[in-house]
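Next comes target20.pdb, with PDB, C-alpha atoms, pLDDT in the B column.
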ATOM      1  CA  MET A   1     -91.616 206.315  42.291  1.00 93.00           C
ATOM      2  CA  PRO A   2     -93.974 203.339  42.721  1.00 97.00           C
ATOM      3  CA  ARG A   3     -92.467 199.935  43.412  1.00 98.00           C
ATOM      4  CA  TYR A   4     -93.708 196.741  41.780  1.00 98.00           C
ATOM      5  CA  CYS A   5     -92.982 193.269  43.088  1.00 98.00           C
ATOM      6  CA  PHE A   6     -93.660 190.137  41.060  1.00 97.00           C
ATOM      7  CA  THR A   7     -93.053 186.424  41.378  1.00 96.00           C
ATOM      8  CA  LEU A   8     -92.326 183.654  38.894  1.00 95.00           C
ATOM      9  CA  GLN A   9     -91.430 180.015  39.392  1.00 94.00           C
ATOM     10  CA  VAL A  10     -88.119 178.776  38.030  1.00 95.00           C
ATOM     11  CA  ASP A  11     -87.921 175.044  37.441  1.00 94.00           C
ATOM     12  CA  PRO A  12     -85.665 173.856  40.287  1.00 94.00           C
ATOM     13  CA  ARG A  13     -83.689 171.769  37.757  1.00 94.00           C
ATOM     14  CA  HIS A  14     -82.553 174.974  36.046  1.00 96.00           C
ATOM     15  CA  LEU A  15     -81.500 177.182  38.956  1.00 97.00           C
ATOM     16  CA  ASP A  16     -77.796 177.121  38.111  1.00 97.00           C
ATOM     17  CA  ALA A  17     -78.364 178.051  34.460  1.00 97.00           C
ATOM     18  CA  TYR A  18     -80.782 180.785  35.434  1.00 97.00           C
ATOM     19  CA  ARG A  19     -78.328 182.258  37.942  1.00 98.00           C
ATOM     20  CA  ARG A  20     -75.468 182.052  35.448  1.00 97.00           C
ATOM     21  CA  ASP A  21     -77.398 183.839  32.693  1.00 97.00           C
ATOM     22  CA  HIS A  22     -78.447 186.587  35.088  1.00 98.00           C
ATOM     23  CA  ALA A  23     -74.934 187.154  36.368  1.00 97.00           C
ATOM     24  CA  ALA A  24     -74.132 188.640  32.942  1.00 95.00           C
ATOM     25  CA  VAL A  25     -77.261 189.806  31.159  1.00 97.00           C
ATOM     26  CA  TRP A  26     -76.702 190.980  27.574  1.00 97.00           C
ATOM     27  CA  PRO A  27     -75.753 194.673  27.601  1.00 97.00           C
ATOM     28  CA  GLU A  28     -78.318 195.303  24.864  1.00 97.00           C
ATOM     29  CA  MET A  29     -80.994 193.914  27.187  1.00 98.00           C
ATOM     30  CA  LEU A  30     -79.764 196.034  30.114  1.00 98.00           C
ATOM     31  CA  ARG A  31     -79.927 199.200  28.011  1.00 97.00           C
ATOM     32  CA  ALA A  32     -83.368 198.329  26.670  1.00 98.00           C
ATOM     33  CA  LEU A  33     -84.677 197.936  30.237  1.00 98.00           C
ATOM     34  CA  ALA A  34     -83.220 201.275  31.308  1.00 98.00           C
ATOM     35  CA  ASP A  35     -84.621 202.977  28.188  1.00 97.00           C
ATOM     36  CA  ALA A  36     -88.022 201.417  28.943  1.00 98.00           C
ATOM     37  CA  GLY A  37     -88.076 203.035  32.383  1.00 98.00           C
ATOM     38  CA  TRP A  38     -87.020 200.133  34.621  1.00 98.00           C
ATOM     39  CA  ARG A  39     -85.225 201.511  37.697  1.00 98.00           C
ATOM     40  CA  ASN A  40     -83.528 199.857  40.681  1.00 98.00           C
ATOM     41  CA  TYR A  41     -84.597 196.520  39.213  1.00 98.00           C
ATOM     42  CA  SER A  42     -83.432 193.445  41.080  1.00 98.00           C
ATOM     43  CA  LEU A  43     -84.171 189.724  40.925  1.00 98.00           C
ATOM     44  CA  HIS A  44     -83.883 187.357  43.884  1.00 98.00           C
ATOM     45  CA  LEU A  45     -83.943 183.564  43.601  1.00 98.00           C
ATOM     46  CA  ARG A  46     -84.883 181.214  46.429  1.00 96.00           C
ATOM     47  CA  ASP A  47     -83.504 177.672  46.473  1.00 96.00           C
ATOM     48  CA  ASP A  48     -86.941 176.223  45.735  1.00 95.00           C
ATOM     49  CA  GLY A  49     -87.147 178.215  42.499  1.00 95.00           C
ATOM     50  CA  LEU A  50     -89.257 181.107  43.728  1.00 96.00           C
ATOM     51  CA  LEU A  51     -88.111 184.116  41.707  1.00 97.00           C
ATOM     52  CA  ILE A  52     -88.870 187.553  43.122  1.00 98.00           C
ATOM     53  CA  GLY A  53     -88.511 190.712  41.063  1.00 98.00           C
ATOM     54  CA  ILE A  54     -88.681 194.289  42.297  1.00 98.00           C
ATOM     55  CA  VAL A  55     -88.701 197.304  40.037  1.00 98.00           C
ATOM     56  CA  GLU A  56     -89.378 200.996  40.459  1.00 98.00           C
ATOM     57  CA  THR A  57     -91.213 202.562  37.543  1.00 98.00           C
ATOM     58  CA  GLU A  58     -94.040 205.003  37.022  1.00 97.00           C
ATOM     59  CA  ASP A  59     -96.353 202.408  35.471  1.00 96.00           C
ATOM     60  CA  PHE A  60     -95.573 198.689  35.457  1.00 96.00           C
ATOM     61  CA  GLN A  61     -97.742 197.831  32.473  1.00 95.00           C
ATOM     62  CA  ARG A  62     -96.166 200.631  30.451  1.00 97.00           C
ATOM     63  CA  ALA A  63     -92.692 199.371  31.398  1.00 96.00           C
ATOM     64  CA  LEU A  64     -93.656 195.851  30.290  1.00 95.00           C
ATOM     65  CA  ASP A  65     -95.189 197.110  27.058  1.00 96.00           C
ATOM     66  CA  ALA A  66     -92.123 199.194  26.278  1.00 97.00           C
ATOM     67  CA  MET A  67     -89.948 196.084  26.583  1.00 96.00           C
ATOM     68  CA  ASP A  68     -92.429 194.107  24.531  1.00 95.00           C
ATOM     69  CA  ALA A  69     -91.814 196.512  21.676  1.00 96.00           C
ATOM     70  CA  THR A  70     -88.092 195.684  21.527  1.00 97.00           C
ATOM     71  CA  ALA A  71     -86.516 192.915  19.471  1.00 97.00           C
ATOM     72  CA  VAL A  72     -83.959 192.075  22.166  1.00 97.00           C
ATOM     73  CA  ASN A  73     -86.739 191.263  24.633  1.00 96.00           C
ATOM     74  CA  ASP A  74     -88.178 188.655  22.255  1.00 95.00           C
ATOM     75  CA  ARG A  75     -84.777 186.983  22.051  1.00 96.00           C
ATOM     76  CA  TRP A  76     -84.201 187.185  25.819  1.00 96.00           C
ATOM     77  CA  GLN A  77     -87.637 185.832  26.761  1.00 92.00           C
ATOM     78  CA  ALA A  78     -87.216 182.975  24.274  1.00 92.00           C
ATOM     79  CA  ALA A  79     -83.833 182.160  25.802  1.00 93.00           C
ATOM     80  CA  MET A  80     -85.326 182.123  29.310  1.00 93.00           C
ATOM     81  CA  ALA A  81     -88.599 180.324  28.590  1.00 89.00           C
ATOM     82  CA  SER A  82     -87.311 176.799  29.148  1.00 89.00           C
ATOM     83  CA  TYR A  83     -86.096 177.655  32.668  1.00 93.00           C
ATOM     84  CA  PHE A  84     -89.566 178.304  34.034  1.00 89.00           C
ATOM     85  CA  ALA A  85     -92.160 175.965  35.453  1.00 83.00           C
ATOM     86  CA  ASP A  86     -95.877 176.229  34.825  1.00 68.00           C
ATOM     87  CA  LEU A  87     -95.701 178.396  31.734  1.00 66.00           C
ATOM     88  CA  ASP A  88     -97.896 176.148  29.609  1.00 61.00           C
ATOM     89  CA  GLY A  89    -101.464 177.334  29.303  1.00 57.00           C
ATOM     90  CA  PRO A  90    -104.482 175.013  29.186  1.00 57.00           C
ATOM     91  CA  ASP A  91    -104.287 175.122  25.392  1.00 62.00           C
ATOM     92  CA  GLY A  92    -100.713 173.818  25.473  1.00 59.00           C
ATOM     93  CA  GLN A  93     -99.401 177.183  24.295  1.00 62.00           C
ATOM     94  CA  HIS A  94     -96.224 178.402  25.956  1.00 64.00           C
ATOM     95  CA  THR A  95     -96.513 181.756  27.708  1.00 70.00           C
ATOM     96  CA  ALA A  96     -93.563 184.153  27.636  1.00 71.00           C
ATOM     97  CA  PRO A  97     -92.068 184.517  31.132  1.00 75.00           C
ATOM     98  CA  ASP A  98     -92.706 188.243  31.178  1.00 71.00           C
ATOM     99  CA  ARG A  99     -96.410 187.559  30.562  1.00 72.00           C
ATOM    100  CA  ALA A 100     -96.624 185.051  33.427  1.00 81.00           C
ATOM    101  CA  MET A 101     -95.404 187.390  36.165  1.00 90.00           C
ATOM    102  CA  GLN A 102     -97.693 187.508  39.176  1.00 92.00           C
ATOM    103  CA  LEU A 103     -97.815 190.978  40.742  1.00 96.00           C
ATOM    104  CA  VAL A 104     -97.647 190.964  44.545  1.00 97.00           C
ATOM    105  CA  PRO A 105     -99.453 193.962  46.048  1.00 98.00           C
ATOM    106  CA  GLU A 106     -97.462 196.293  48.286  1.00 98.00           C
ATOM    107  CA  ILE A 107     -98.921 196.523  51.786  1.00 98.00           C
ATOM    108  CA  PHE A 108     -96.254 198.698  53.436  1.00 98.00           C
ATOM    109  CA  HIS A 109     -93.596 201.237  52.509  1.00 98.00           C
ATOM    110  CA  LEU A 110     -91.541 202.780  55.286  1.00 98.00           C
ATOM    111  CA  GLU A 111     -90.871 206.233  53.838  1.00 97.00           C
ATOM    112  CA  THR A 112     -94.464 206.661  52.644  1.00 97.00           C
ATOM    113  CA  GLN A 113     -95.885 205.977  56.114  1.00 97.00           C
ATOM    114  CA  LEU A 114     -93.168 208.020  57.832  1.00 97.00           C
ATOM    115  CA  ALA A 115     -94.076 211.026  55.700  1.00 95.00           C
ATOM    116  CA  ALA A 116     -97.744 210.588  56.576  1.00 94.00           C
ATOM    117  CA  ALA A 117     -96.972 210.217  60.292  1.00 93.00           C
ATOM    118  CA  ASP A 118     -94.798 213.325  60.273  1.00 89.00           C
ATOM    119  CA  ALA A 119     -97.462 215.302  58.411  1.00 91.00           C
ATOM    120  CA  HIS A 120    -100.267 214.338  60.781  1.00 84.00           C
ATOM    121  CA  PRO A 121     -98.843 213.599  64.219  1.00 78.00           C
ATOM    122  CA  THR A 122    -101.394 212.609  66.827  1.00 73.00           C
ATOM    123  CA  PRO A 123    -101.070 213.543  70.517  1.00 63.00           C
ATOM    124  CA  GLU A 124    -100.417 209.885  71.398  1.00 59.00           C
ATOM    125  CA  GLU A 125     -97.448 209.827  69.079  1.00 55.00           C
ATOM    126  CA  ASN A 126     -95.855 212.909  70.579  1.00 52.00           C
ATOM    127  CA  PRO A 127     -96.388 212.619  74.322  1.00 50.00           C
ATOM    128  CA  ARG A 128     -93.839 215.307  75.218  1.00 44.00           C
TER     129      ARG A 128
ATOM    130  CA  MET B   1     -76.686 200.596  48.936  1.00 93.00           C
ATOM    131  CA  PRO B   2     -77.138 196.796  49.072  1.00 97.00           C
ATOM    132  CA  ARG B   3     -80.669 195.422  48.764  1.00 98.00           C
ATOM    133  CA  TYR B   4     -81.951 192.564  50.898  1.00 98.00           C
ATOM    134  CA  CYS B   5     -84.997 190.489  50.044  1.00 98.00           C
ATOM    135  CA  PHE B   6     -86.622 188.131  52.515  1.00 97.00           C
ATOM    136  CA  THR B   7     -89.701 185.939  52.694  1.00 96.00           C
ATOM    137  CA  LEU B   8     -92.033 184.900  55.486  1.00 95.00           C
ATOM    138  CA  GLN B   9     -95.272 182.938  55.444  1.00 94.00           C
ATOM    139  CA  VAL B  10     -98.389 184.628  56.783  1.00 95.00           C
ATOM    140  CA  ASP B  11    -101.139 182.269  57.859  1.00 94.00           C
ATOM    141  CA  PRO B  12    -103.738 182.644  55.067  1.00 94.00           C
ATOM    142  CA  ARG B  13    -106.453 182.960  57.742  1.00 95.00           C
ATOM    143  CA  HIS B  14    -104.895 186.211  58.939  1.00 96.00           C
ATOM    144  CA  LEU B  15    -104.227 188.076  55.688  1.00 97.00           C
ATOM    145  CA  ASP B  16    -106.826 190.771  56.330  1.00 97.00           C
ATOM    146  CA  ALA B  17    -105.568 191.526  59.832  1.00 97.00           C
ATOM    147  CA  TYR B  18    -101.981 191.562  58.645  1.00 97.00           C
ATOM    148  CA  ARG B  19    -102.805 193.983  55.805  1.00 98.00           C
ATOM    149  CA  ARG B  20    -104.821 196.196  58.150  1.00 97.00           C
ATOM    150  CA  ASP B  21    -102.037 196.449  60.729  1.00 97.00           C
ATOM    151  CA  HIS B  22     -99.494 197.278  58.046  1.00 98.00           C
ATOM    152  CA  ALA B  23    -101.640 199.994  56.502  1.00 97.00           C
ATOM    153  CA  ALA B  24    -100.941 202.059  59.637  1.00 95.00           C
ATOM    154  CA  VAL B  25     -97.808 200.896  61.414  1.00 97.00           C
ATOM    155  CA  TRP B  26     -97.158 202.575  64.769  1.00 97.00           C
ATOM    156  CA  PRO B  27     -95.218 205.818  64.175  1.00 97.00           C
ATOM    157  CA  GLU B  28     -92.803 204.814  66.945  1.00 97.00           C
ATOM    158  CA  MET B  29     -92.036 201.625  65.001  1.00 98.00           C
ATOM    159  CA  LEU B  30     -91.570 203.571  61.738  1.00 98.00           C
ATOM    160  CA  ARG B  31     -89.090 205.930  63.385  1.00 97.00           C
ATOM    161  CA  ALA B  32     -87.205 203.068  65.031  1.00 98.00           C
ATOM    162  CA  LEU B  33     -86.789 201.385  61.636  1.00 98.00           C
ATOM    163  CA  ALA B  34     -85.498 204.585  60.038  1.00 98.00           C
ATOM    164  CA  ASP B  35     -83.127 205.187  62.960  1.00 97.00           C
ATOM    165  CA  ALA B  36     -81.885 201.597  62.619  1.00 98.00           C
ATOM    166  CA  GLY B  37     -80.898 202.209  59.005  1.00 98.00           C
ATOM    167  CA  TRP B  38     -83.834 200.643  57.133  1.00 98.00           C
ATOM    168  CA  ARG B  39     -84.285 202.459  53.794  1.00 98.00           C
ATOM    169  CA  ASN B  40     -86.842 202.098  50.970  1.00 98.00           C
ATOM    170  CA  TYR B  41     -88.365 199.223  52.942  1.00 98.00           C
ATOM    171  CA  SER B  42     -91.479 197.669  51.464  1.00 98.00           C
ATOM    172  CA  LEU B  43     -93.589 194.595  52.174  1.00 98.00           C
ATOM    173  CA  HIS B  44     -95.636 192.752  49.555  1.00 98.00           C
ATOM    174  CA  LEU B  45     -98.257 190.124  50.365  1.00 98.00           C
ATOM    175  CA  ARG B  46     -99.427 187.434  47.942  1.00 96.00           C
ATOM    176  CA  ASP B  47    -102.918 185.964  48.311  1.00 96.00           C
ATOM    177  CA  ASP B  48    -101.480 182.610  49.429  1.00 95.00           C
ATOM    178  CA  GLY B  49     -99.736 184.299  52.379  1.00 95.00           C
ATOM    179  CA  LEU B  50     -96.284 184.643  50.878  1.00 96.00           C
ATOM    180  CA  LEU B  51     -94.832 187.812  52.399  1.00 97.00           C
ATOM    181  CA  ILE B  52     -91.946 189.455  50.563  1.00 98.00           C
ATOM    182  CA  GLY B  53     -89.835 192.168  52.145  1.00 98.00           C
ATOM    183  CA  ILE B  54     -87.262 194.358  50.435  1.00 98.00           C
ATOM    184  CA  VAL B  55     -84.977 196.742  52.260  1.00 98.00           C
ATOM    185  CA  GLU B  56     -81.909 198.754  51.375  1.00 98.00           C
ATOM    186  CA  THR B  57     -79.341 198.946  54.145  1.00 98.00           C
ATOM    187  CA  GLU B  58     -75.590 198.704  54.495  1.00 97.00           C
ATOM    188  CA  ASP B  59     -75.712 195.475  56.513  1.00 96.00           C
ATOM    189  CA  PHE B  60     -78.902 193.462  57.003  1.00 96.00           C
ATOM    190  CA  GLN B  61     -77.807 191.739  60.185  1.00 95.00           C
ATOM    191  CA  ARG B  62     -76.815 195.060  61.694  1.00 97.00           C
ATOM    192  CA  ALA B  63     -80.202 196.532  60.741  1.00 96.00           C
ATOM    193  CA  LEU B  64     -81.946 193.560  62.383  1.00 95.00           C
ATOM    194  CA  ASP B  65     -79.781 193.792  65.487  1.00 96.00           C
ATOM    195  CA  ALA B  66     -80.423 197.526  65.803  1.00 97.00           C
ATOM    196  CA  MET B  67     -84.177 196.864  65.803  1.00 96.00           C
ATOM    197  CA  ASP B  68     -83.705 194.009  68.241  1.00 95.00           C
ATOM    198  CA  ALA B  69     -82.272 196.514  70.693  1.00 96.00           C
ATOM    199  CA  THR B  70     -85.472 198.605  70.744  1.00 97.00           C
ATOM    200  CA  ALA B  71     -88.403 198.094  73.066  1.00 97.00           C
ATOM    201  CA  VAL B  72     -90.961 198.952  70.387  1.00 97.00           C
ATOM    202  CA  ASN B  73     -89.726 196.083  68.217  1.00 96.00           C
ATOM    203  CA  ASP B  74     -90.422 193.593  71.003  1.00 95.00           C
ATOM    204  CA  ARG B  75     -93.977 194.878  71.235  1.00 96.00           C
ATOM    205  CA  TRP B  76     -94.471 194.906  67.454  1.00 96.00           C
ATOM    206  CA  GLN B  77     -93.074 191.403  66.922  1.00 92.00           C
ATOM    207  CA  ALA B  78     -95.241 190.070  69.742  1.00 92.00           C
ATOM    208  CA  ALA B  79     -98.298 191.695  68.149  1.00 93.00           C
ATOM    209  CA  MET B  80     -97.473 190.114  64.762  1.00 93.00           C
ATOM    210  CA  ALA B  81     -96.409 186.654  65.921  1.00 89.00           C
ATOM    211  CA  SER B  82     -99.843 185.055  65.787  1.00 89.00           C
ATOM    212  CA  TYR B  83    -100.296 186.018  62.110  1.00 93.00           C
ATOM    213  CA  PHE B  84     -97.479 183.815  60.865  1.00 89.00           C
ATOM    214  CA  ALA B  85     -97.398 180.160  59.935  1.00 83.00           C
ATOM    215  CA  ASP B  86     -94.574 177.789  60.752  1.00 68.00           C
ATOM    216  CA  LEU B  87     -92.947 179.839  63.485  1.00 67.00           C
ATOM    217  CA  ASP B  88     -92.859 177.020  66.001  1.00 61.00           C
ATOM    218  CA  GLY B  89     -89.496 175.351  66.320  1.00 57.00           C
ATOM    219  CA  PRO B  90     -88.987 171.633  66.928  1.00 57.00           C
ATOM    220  CA  ASP B  91     -88.790 172.379  70.655  1.00 62.00           C
ATOM    221  CA  GLY B  92     -92.249 173.982  70.587  1.00 59.00           C
ATOM    222  CA  GLN B  93     -90.741 177.404  71.201  1.00 62.00           C
ATOM    223  CA  HIS B  94     -92.246 180.263  69.219  1.00 64.00           C
ATOM    224  CA  THR B  95     -89.780 182.155  67.041  1.00 71.00           C
ATOM    225  CA  ALA B  96     -90.162 185.911  66.624  1.00 71.00           C
ATOM    226  CA  PRO B  97     -91.134 186.756  63.022  1.00 75.00           C
ATOM    227  CA  ASP B  98     -88.053 188.877  62.508  1.00 72.00           C
ATOM    228  CA  ARG B  99     -85.906 185.864  63.427  1.00 73.00           C
ATOM    229  CA  ALA B 100     -87.699 183.564  60.956  1.00 81.00           C
ATOM    230  CA  MET B 101     -87.064 185.669  57.843  1.00 90.00           C
ATOM    231  CA  GLN B 102     -85.542 183.711  54.990  1.00 93.00           C
ATOM    232  CA  LEU B 103     -83.093 185.814  52.969  1.00 96.00           C
ATOM    233  CA  VAL B 104     -83.443 185.392  49.203  1.00 97.00           C
ATOM    234  CA  PRO B 105     -80.139 185.976  47.400  1.00 98.00           C
ATOM    235  CA  GLU B 106     -80.015 188.691  44.752  1.00 98.00           C
ATOM    236  CA  ILE B 107     -79.033 187.331  41.337  1.00 98.00           C
ATOM    237  CA  PHE B 108     -79.443 190.489  39.264  1.00 98.00           C
ATOM    238  CA  HIS B 109     -79.475 194.254  39.674  1.00 98.00           C
ATOM    239  CA  LEU B 110     -79.972 196.403  36.602  1.00 98.00           C
ATOM    240  CA  GLU B 111     -77.920 199.462  37.498  1.00 97.00           C
ATOM    241  CA  THR B 112     -75.018 197.366  38.832  1.00 97.00           C
ATOM    242  CA  GLN B 113     -74.705 195.416  35.588  1.00 97.00           C
ATOM    243  CA  LEU B 114     -75.264 198.510  33.453  1.00 97.00           C
ATOM    244  CA  ALA B 115     -72.377 200.249  35.202  1.00 95.00           C
ATOM    245  CA  ALA B 116     -70.162 197.211  34.604  1.00 94.00           C
ATOM    246  CA  ALA B 117     -71.185 196.995  30.936  1.00 93.00           C
ATOM    247  CA  ASP B 118     -70.501 200.685  30.396  1.00 90.00           C
ATOM    248  CA  ALA B 119     -67.134 200.434  32.127  1.00 91.00           C
ATOM    249  CA  HIS B 120     -65.973 197.444  30.068  1.00 84.00           C
ATOM    250  CA  PRO B 121     -67.680 197.439  26.670  1.00 78.00           C
ATOM    251  CA  THR B 122     -66.726 194.548  24.428  1.00 73.00           C
ATOM    252  CA  PRO B 123     -66.482 194.858  20.630  1.00 63.00           C
ATOM    253  CA  GLU B 124     -69.527 192.612  20.246  1.00 59.00           C
ATOM    254  CA  GLU B 125     -71.573 195.005  22.319  1.00 56.00           C
ATOM    255  CA  ASN B 126     -70.587 198.042  20.254  1.00 52.00           C
ATOM    256  CA  PRO B 127     -70.602 196.834  16.654  1.00 49.00           C
ATOM    257  CA  ARG B 128     -70.515 200.333  15.198  1.00 44.00           C
TER     258      ARG B 128
END

Would you give me this structure, written as structure tokens?
Amino acid sequence: MPRYCFTLQVDPRHLDAYRRDHAAVWPEMLRALADAGWRNYSLHLRDDGLLIGIVETEDFQRALDAMDATAVNDRWQAAMASYFADLDGPDGQHTAPDRAMQLVPEIFHLETQLAAADAHPTPEENPR
Amino acid sequence: MPRYCFTLQVDPRHLDAYRRDHAAVWPEMLRALADAGWRNYSLHLRDDGLLIGIVETEDFQRALDAMDATAVNDRWQAAMASYFADLDGPDGQHTAPDRAMQLVPEIFHLETQLAAADAHPTPEENPR
């Protein structure tokens, strides 16, 4: 299953509220995410407000779109919007947090490279 | 299995070299990581040099220490050291990249909260 990593910037003034809300996400929101194909989804928050998300799903855009089609996501994103920095576009319009995510390309995955190395060992790798 | 997320800062001048080296990590290094208990380990690199790592392992410090005990890790870390920014300590000593990782606390994990919600449903969550 592909992994997708994204970043967002939480306003450092709102870290405590953001942590508190994510310690007990609405069950309806949790079930909507699972139904929309989000797997092994975690969020990590650095003290400077850098928010890192990691999710396993077949297609990230499809997983986002599937959430976009739910009513609970509208309510959740609206509840979260004020916690983020830099969500205002040049036209002054507020962007939903889940539309401001910046995808961070994967450059390494251990098991993927291990499988490739095992499938095509070179003499140098197996000196004995 | 607990998940650990960490960040490091790659010098933006060295992004291409860093990506290239991680597209084909030494098989000996891959096997050492697996033997040391690193699971589902991925690295993600943002264009500004932010490096994000995610690994599943029972105990992150133990996984780091187990790598520290291998000779291949010394060689790998030495090969990577020049790619990173801000590794010099106040005493001018260079810090190995795997000692400069900044752990980013997890604030949310979907399956963990889903299991808790299913185990303890509240009337509000199940209106029918």

Find the residues of chain A in contact range of chain B, meaning any atom within 8 Å when counting only C-alpha atoms, and list them as number ranges by chain.
A: 5, 19, 22-25, 27-28, 30-31, 34, 39-46, 104-111, 113-114, 117, 125

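For the pair CA of Leu64 (chain B) and CA of Ala96 (chain B), the interatomic distance is 12.0 Å.
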
Would you pick out the contacts of Met67 (chain B) at 7 Å or less, using only C-alpha atoms, so that residues sharing its chain but fewer than 5 positions from it are not included, and give the list as a list in words?
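Everything that qualifies: Ala32, Leu33, Ala36 and Asn73 of chain B.
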
Please superimpose chain A on chain B using every C-alpha atom, paired by order, in a least-squares fit, and write the moved chain as a short mmCIF file (atom, residue, chain, number, x, y, z; two decimals) with C-alpha atoms, keeping the file's coordinate frame.
data_model
loop_
_atom_site.label_atom_id
_atom_site.label_comp_id
_atom_site.auth_asym_id
_atom_site.auth_seq_id
_atom_site.Cartn_x
_atom_site.Cartn_y
_atom_site.Cartn_z
CA MET A 1 -76.65 200.57 48.94
CA PRO A 2 -77.13 196.78 49.07
CA ARG A 3 -80.64 195.40 48.77
CA TYR A 4 -81.94 192.54 50.90
CA CYS A 5 -84.99 190.47 50.05
CA PHE A 6 -86.62 188.11 52.53
CA THR A 7 -89.69 185.93 52.70
CA LEU A 8 -92.03 184.88 55.50
CA GLN A 9 -95.27 182.93 55.46
CA VAL A 10 -98.39 184.61 56.78
CA ASP A 11 -101.14 182.25 57.87
CA PRO A 12 -103.74 182.63 55.09
CA ARG A 13 -106.46 182.95 57.76
CA HIS A 14 -104.89 186.21 58.94
CA LEU A 15 -104.23 188.07 55.69
CA ASP A 16 -106.82 190.77 56.32
CA ALA A 17 -105.56 191.52 59.83
CA TYR A 18 -101.97 191.56 58.63
CA ARG A 19 -102.80 193.97 55.80
CA ARG A 20 -104.81 196.20 58.13
CA ASP A 21 -102.03 196.46 60.72
CA HIS A 22 -99.48 197.28 58.03
CA ALA A 23 -101.62 199.98 56.48
CA ALA A 24 -100.93 202.06 59.61
CA VAL A 25 -97.80 200.89 61.39
CA TRP A 26 -97.16 202.60 64.74
CA PRO A 27 -95.21 205.82 64.14
CA GLU A 28 -92.80 204.82 66.91
CA MET A 29 -92.04 201.64 64.97
CA LEU A 30 -91.57 203.57 61.71
CA ARG A 31 -89.09 205.94 63.36
CA ALA A 32 -87.21 203.08 65.01
CA LEU A 33 -86.77 201.38 61.61
CA ALA A 34 -85.49 204.57 60.00
CA ASP A 35 -83.12 205.19 62.93
CA ALA A 36 -81.88 201.60 62.61
CA GLY A 37 -80.89 202.20 58.98
CA TRP A 38 -83.82 200.63 57.11
CA ARG A 39 -84.28 202.42 53.77
CA ASN A 40 -86.82 202.07 50.95
CA TYR A 41 -88.35 199.21 52.93
CA SER A 42 -91.46 197.65 51.45
CA LEU A 43 -93.57 194.57 52.16
CA HIS A 44 -95.62 192.73 49.55
CA LEU A 45 -98.25 190.10 50.36
CA ARG A 46 -99.42 187.42 47.95
CA ASP A 47 -102.90 185.94 48.31
CA ASP A 48 -101.47 182.60 49.45
CA GLY A 49 -99.73 184.29 52.38
CA LEU A 50 -96.27 184.62 50.89
CA LEU A 51 -94.82 187.79 52.40
CA ILE A 52 -91.93 189.43 50.57
CA GLY A 53 -89.83 192.16 52.14
CA ILE A 54 -87.24 194.34 50.44
CA VAL A 55 -84.96 196.72 52.25
CA GLU A 56 -81.89 198.74 51.36
CA THR A 57 -79.32 198.93 54.14
CA GLU A 58 -75.57 198.68 54.48
CA ASP A 59 -75.70 195.46 56.51
CA PHE A 60 -78.88 193.45 56.99
CA GLN A 61 -77.80 191.74 60.19
CA ARG A 62 -76.80 195.07 61.71
CA ALA A 63 -80.19 196.53 60.74
CA LEU A 64 -81.95 193.57 62.38
CA ASP A 65 -79.79 193.80 65.49
CA ALA A 66 -80.42 197.53 65.79
CA MET A 67 -84.17 196.88 65.80
CA ASP A 68 -83.71 194.04 68.25
CA ALA A 69 -82.28 196.54 70.70
CA THR A 70 -85.47 198.62 70.74
CA ALA A 71 -88.42 198.11 73.06
CA VAL A 72 -90.97 198.97 70.36
CA ASN A 73 -89.73 196.09 68.20
CA ASP A 74 -90.44 193.60 71.00
CA ARG A 75 -94.00 194.89 71.23
CA TRP A 76 -94.48 194.91 67.45
CA GLN A 77 -93.08 191.40 66.91
CA ALA A 78 -95.26 190.08 69.74
CA ALA A 79 -98.30 191.70 68.14
CA MET A 80 -97.48 190.12 64.77
CA ALA A 81 -96.41 186.66 65.92
CA SER A 82 -99.85 185.06 65.79
CA TYR A 83 -100.30 186.02 62.12
CA PHE A 84 -97.48 183.82 60.88
CA ALA A 85 -97.40 180.16 59.96
CA ASP A 86 -94.56 177.80 60.76
CA LEU A 87 -92.97 179.85 63.51
CA ASP A 88 -92.90 177.04 66.05
CA GLY A 89 -89.53 175.37 66.40
CA PRO A 90 -89.05 171.64 67.01
CA ASP A 91 -88.89 172.39 70.74
CA GLY A 92 -92.33 174.01 70.63
CA GLN A 93 -90.80 177.43 71.25
CA HIS A 94 -92.27 180.29 69.25
CA THR A 95 -89.78 182.16 67.07
CA ALA A 96 -90.15 185.92 66.63
CA PRO A 97 -91.15 186.74 63.03
CA ASP A 98 -88.06 188.86 62.51
CA ARG A 99 -85.91 185.85 63.43
CA ALA A 100 -87.70 183.56 60.96
CA MET A 101 -87.06 185.66 57.86
CA GLN A 102 -85.54 183.70 55.00
CA LEU A 103 -83.08 185.79 52.98
CA VAL A 104 -83.43 185.37 49.21
CA PRO A 105 -80.12 185.95 47.41
CA GLU A 106 -80.00 188.66 44.76
CA ILE A 107 -79.01 187.30 41.35
CA PHE A 108 -79.44 190.46 39.26
CA HIS A 109 -79.45 194.23 39.67
CA LEU A 110 -79.96 196.36 36.59
CA GLU A 111 -77.90 199.43 37.50
CA THR A 112 -75.00 197.34 38.83
CA GLN A 113 -74.69 195.38 35.58
CA LEU A 114 -75.25 198.48 33.44
CA ALA A 115 -72.36 200.21 35.18
CA ALA A 116 -70.14 197.18 34.59
CA ALA A 117 -71.16 196.95 30.92
CA ASP A 118 -70.48 200.65 30.38
CA ALA A 119 -67.10 200.38 32.10
CA HIS A 120 -65.95 197.40 30.06
CA PRO A 121 -67.67 197.42 26.68
CA THR A 122 -66.73 194.56 24.39
CA PRO A 123 -66.51 194.92 20.60
CA GLU A 124 -69.61 192.73 20.20
CA GLU A 125 -71.61 195.12 22.32
CA ASN A 126 -70.63 198.17 20.31
CA PRO A 127 -70.68 197.07 16.69
CA ARG A 128 -70.61 200.61 15.28
#

Could you expand the PyMOL selection byres ((chain B and resi 80) around 10) into the explicit residues it covers here, written as a list of chain:residue names?
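With the shown file as input, the PyMOL selection byres ((chain B and resi 80) around 10) matches B:Val10, B:Ala17, B:Tyr18, B:Asp21, B:Arg75, B:Trp76, B:Gln77, B:Ala78, B:Ala79, B:Ala81, B:Ser82, B:Tyr83, B:Phe84, B:Ala96, B:Pro97, B:Asp98.
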